[in-house]
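Chemist: Let me begin by handing over the structure; questions about it come next.
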Amino acid sequence: MTYDRFFSQPIFAITPLGLQFLEFRGHSLLSLPSTAKSIIRKSQILHSVELAGIRVALAQKGLLKSWKWELEIVSRNLAYGTGKMKDFDALAEIAVDGETKCVAIEFERTLKGSGRYEELRSIFRADRTADRVLYLTPNAEILYILALEMRDVGKRIGFVLSETLRSELLDASILTNSPANDVLSFRQFLLQ
């Protein structure tokens, strides 16, 4: 157990032995068996830290109703999936103006090949997990390329710099995949 300067509550880590004990007691994630060599790859640490920052920002402003991390989503998809569900980085229920909206969240730190985006477009068309997807990026170059790649998906997708969302939240400007590439506030993106 450790205390972090950004969190007021303890942060816990679990060992493989701890995972084995939880599995023995009937608690497990299909995506994280006790035989796993690691919970997260070192290359994914910055990705996870950025998502945690978004989660904290939403929670501190009282907007976050619930948050599911990728491991929970992958486990659910493994247990109930038909292969037509996306393993999103996170699923968030966000409360704004008396309404709660489920938003799938993806954080794209680096670009993928065009073939992977073709596959993702197909997955997004079939996925019914959330009616909105929010793509976070660290810079404008990735944001604009993603916006081009994710046109014509048939699902509402917004693109925003992660730093902008963290600092401005509901007032953050979101570029959408609408035919006119509208720019909306995060509030508008959630409510329209």
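We name chains A, B, ... following the order of the structure tokens; residues begin at 1 in each chain, and ligands are numbered from 1 as shown.
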Where does DSSP see alpha helix (DSSP H) in segment 32-173 of chain A, if you list the residues as number ranges by chain?

Modeler: A: 45-60, 70-80, 114-126, 140-149, 162-168

Chemist: Could you list, as a list of chain:residue names, every residue within 7 Å of segment 167-179 of chain A, counting only C-alpha atoms and ignoring same-chain residues fewer than 3 positions away?

Modeler: A:Ala147, A:Met150, A:Arg151, A:Arg156, A:Ile157, A:Gly158, A:Phe159, A:Val160, A:Glu163, A:Thr164, A:Asp182, A:Val183, A:Leu184, A:Ser185, A:Phe186, A:Arg187

Chemist: With C-alpha atoms retained, write the just-selected residues as a short mmCIF file (atom, residue, chain, number, x, y, z; two decimals), in the first residue's frame.

Modeler:
data_model
loop_
_atom_site.label_atom_id
_atom_site.label_comp_id
_atom_site.auth_asym_id
_atom_site.auth_seq_id
_atom_site.Cartn_x
_atom_site.Cartn_y
_atom_site.Cartn_z
CA ALA A 147 -10.75 12.21 -37.48
CA MET A 150 -12.95 7.46 -38.43
CA ARG A 151 -15.33 9.17 -40.86
CA ARG A 156 -20.92 9.44 -33.00
CA ILE A 157 -17.19 9.90 -32.39
CA GLY A 158 -15.46 12.88 -30.81
CA PHE A 159 -11.77 13.73 -30.86
CA VAL A 160 -10.06 15.85 -28.23
CA GLU A 163 -4.87 17.70 -21.78
CA THR A 164 -7.71 19.93 -23.03
CA ASP A 182 -18.60 20.06 -36.31
CA VAL A 183 -16.75 21.29 -33.25
CA LEU A 184 -18.88 21.07 -30.10
CA SER A 185 -18.30 21.51 -26.41
CA PHE A 186 -17.98 18.24 -24.50
CA ARG A 187 -21.35 19.07 -22.89
#

Chemist: Atom CA of Ile54 of chain A and atom CA of Trp69 of chain A, how far apart in Å?

Modeler: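 The value is 12.1 Å.
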
Chemist: May I have the residues within 12 Å of Ser122 of chain A as an mmCIF file with N, CA and C atoms, in the first residue's frame, using only C-alpha atoms and disregarding those fewer than 6 positions away in the same chain?

Modeler:
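So around-v1.cif came out as:
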data_model
loop_
_atom_site.group_PDB
_atom_site.id
_atom_site.type_symbol
_atom_site.label_atom_id
_atom_site.label_comp_id
_atom_site.auth_asym_id
_atom_site.auth_seq_id
_atom_site.Cartn_x
_atom_site.Cartn_y
_atom_site.Cartn_z
ATOM 1 N N GLY A 83 -17.898 -11.389 -30.415
ATOM 2 C CA GLY A 83 -16.869 -10.941 -31.328
ATOM 3 C C GLY A 83 -17.183 -9.602 -31.963
ATOM 4 N N LYS A 84 -18.335 -9.021 -31.622
ATOM 5 C CA LYS A 84 -18.732 -7.748 -32.222
ATOM 6 C C LYS A 84 -18.698 -6.619 -31.206
ATOM 7 N N MET A 85 -17.919 -6.786 -30.156
ATOM 8 C CA MET A 85 -17.795 -5.747 -29.147
ATOM 9 C C MET A 85 -16.346 -5.290 -29.086
ATOM 10 N N LYS A 86 -16.160 -4.012 -28.914
ATOM 11 C CA LYS A 86 -14.827 -3.425 -28.864
ATOM 12 C C LYS A 86 -14.302 -3.469 -27.441
ATOM 13 N N GLY A 115 -4.697 -0.294 -42.273
ATOM 14 C CA GLY A 115 -5.458 -1.541 -42.214
ATOM 15 C C GLY A 115 -6.123 -1.730 -40.865
ATOM 16 N N ARG A 116 -5.444 -1.332 -39.800
ATOM 17 C CA ARG A 116 -6.020 -1.452 -38.456
ATOM 18 C C ARG A 116 -7.212 -0.511 -38.301
ATOM 19 N N GLU A 149 -9.594 9.115 -40.424
ATOM 20 C CA GLU A 149 -9.740 7.660 -40.475
ATOM 21 C C GLU A 149 -11.103 7.184 -39.968
ATOM 22 N N MET A 150 -11.713 7.912 -39.067
ATOM 23 C CA MET A 150 -12.950 7.457 -38.426
ATOM 24 C C MET A 150 -14.204 8.119 -38.985
ATOM 25 N N ARG A 151 -14.124 8.656 -40.197
ATOM 26 C CA ARG A 151 -15.328 9.171 -40.860
ATOM 27 C C ARG A 151 -16.210 7.986 -41.239
ATOM 28 N N ASP A 152 -17.447 8.260 -41.499
ATOM 29 C CA ASP A 152 -18.380 7.266 -42.042
ATOM 30 C C ASP A 152 -18.442 5.976 -41.227
ATOM 31 N N VAL A 153 -18.441 6.103 -39.917
ATOM 32 C CA VAL A 153 -18.508 4.928 -39.052
ATOM 33 C C VAL A 153 -19.948 4.612 -38.668
ATOM 34 N N GLY A 154 -20.822 5.594 -38.679
ATOM 35 C CA GLY A 154 -22.203 5.365 -38.272
ATOM 36 C C GLY A 154 -22.384 5.428 -36.775
ATOM 37 N N LYS A 155 -21.388 5.885 -36.083
ATOM 38 C CA LYS A 155 -21.435 6.054 -34.630
ATOM 39 C C LYS A 155 -20.846 7.423 -34.341
#

Chemist: For Ala90 of chain A, list every protein, DNA or RNA residue within 7 Å, evaluated using only C-alpha atoms, and leave out those in the same chain fewer than 3 positions away; present the list as a VMD selection string.

Modeler: chain A and resid 67 to 70 104 to 106

Chemist: Need to verify the contact set: Ala130 of chain A, 8 Å, only C-alpha atoms, exclusion of same-chain residues closer than 2 positions in sequence. Can you return it as number ranges by chain?

Modeler: A: 102-104, 127-128, 132-133

Chemist: For the residues selected in the previous step, produce a file with N, CA and C atoms as a short mmCIF file (atom, residue, chain, number, x, y, z; two decimals), in the first residue's frame.

Modeler:
data_model
loop_
_atom_site.label_atom_id
_atom_site.label_comp_id
_atom_site.auth_asym_id
_atom_site.auth_seq_id
_atom_site.Cartn_x
_atom_site.Cartn_y
_atom_site.Cartn_z
N CYS A 102 -23.46 7.07 -21.40
CA CYS A 102 -22.37 6.09 -21.44
C CYS A 102 -21.45 6.45 -22.61
N VAL A 103 -20.19 6.66 -22.31
CA VAL A 103 -19.21 7.05 -23.31
C VAL A 103 -18.07 6.04 -23.32
N ALA A 104 -17.79 5.50 -24.50
CA ALA A 104 -16.62 4.65 -24.66
C ALA A 104 -15.42 5.56 -24.87
N ASP A 127 -20.48 -2.56 -32.91
CA ASP A 127 -20.50 -2.47 -31.46
C ASP A 127 -21.72 -1.71 -30.96
N ARG A 128 -22.36 -2.24 -29.91
CA ARG A 128 -23.54 -1.60 -29.30
C ARG A 128 -23.29 -1.24 -27.84
N ARG A 132 -21.67 6.66 -28.04
CA ARG A 132 -20.67 7.70 -28.28
C ARG A 132 -19.29 7.16 -27.95
N VAL A 133 -18.32 7.56 -28.76
CA VAL A 133 -16.93 7.20 -28.51
C VAL A 133 -16.13 8.49 -28.43
#

Chemist: Contacts of segment 45-51 of chain A at 12 Å or less, counting only C-alpha atoms, minus same-chain residues fewer than 6 places along, as a PyMOL selection string?

Modeler: chain A and resi 6+38-39+57-58+67-71+88-92+105-110+134-138+161-163+165-166

Chemist: Which residue gives the smallest distance to Lys65 of chain A among A:Glu93, A:Ser114, A:Gln188, A:Ile142, with only C-alpha atoms counted?

Modeler: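 The shortest atom-to-atom distance to Lys65 of chain A comes from A:Glu93.
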
Chemist: When DSSP works through the backbone of this structure, what residues of segment 79-126 of chain A end up as strand (DSSP E or B), shown as a PyMOL selection string?

Modeler: chain A and resi 90-96+99-107
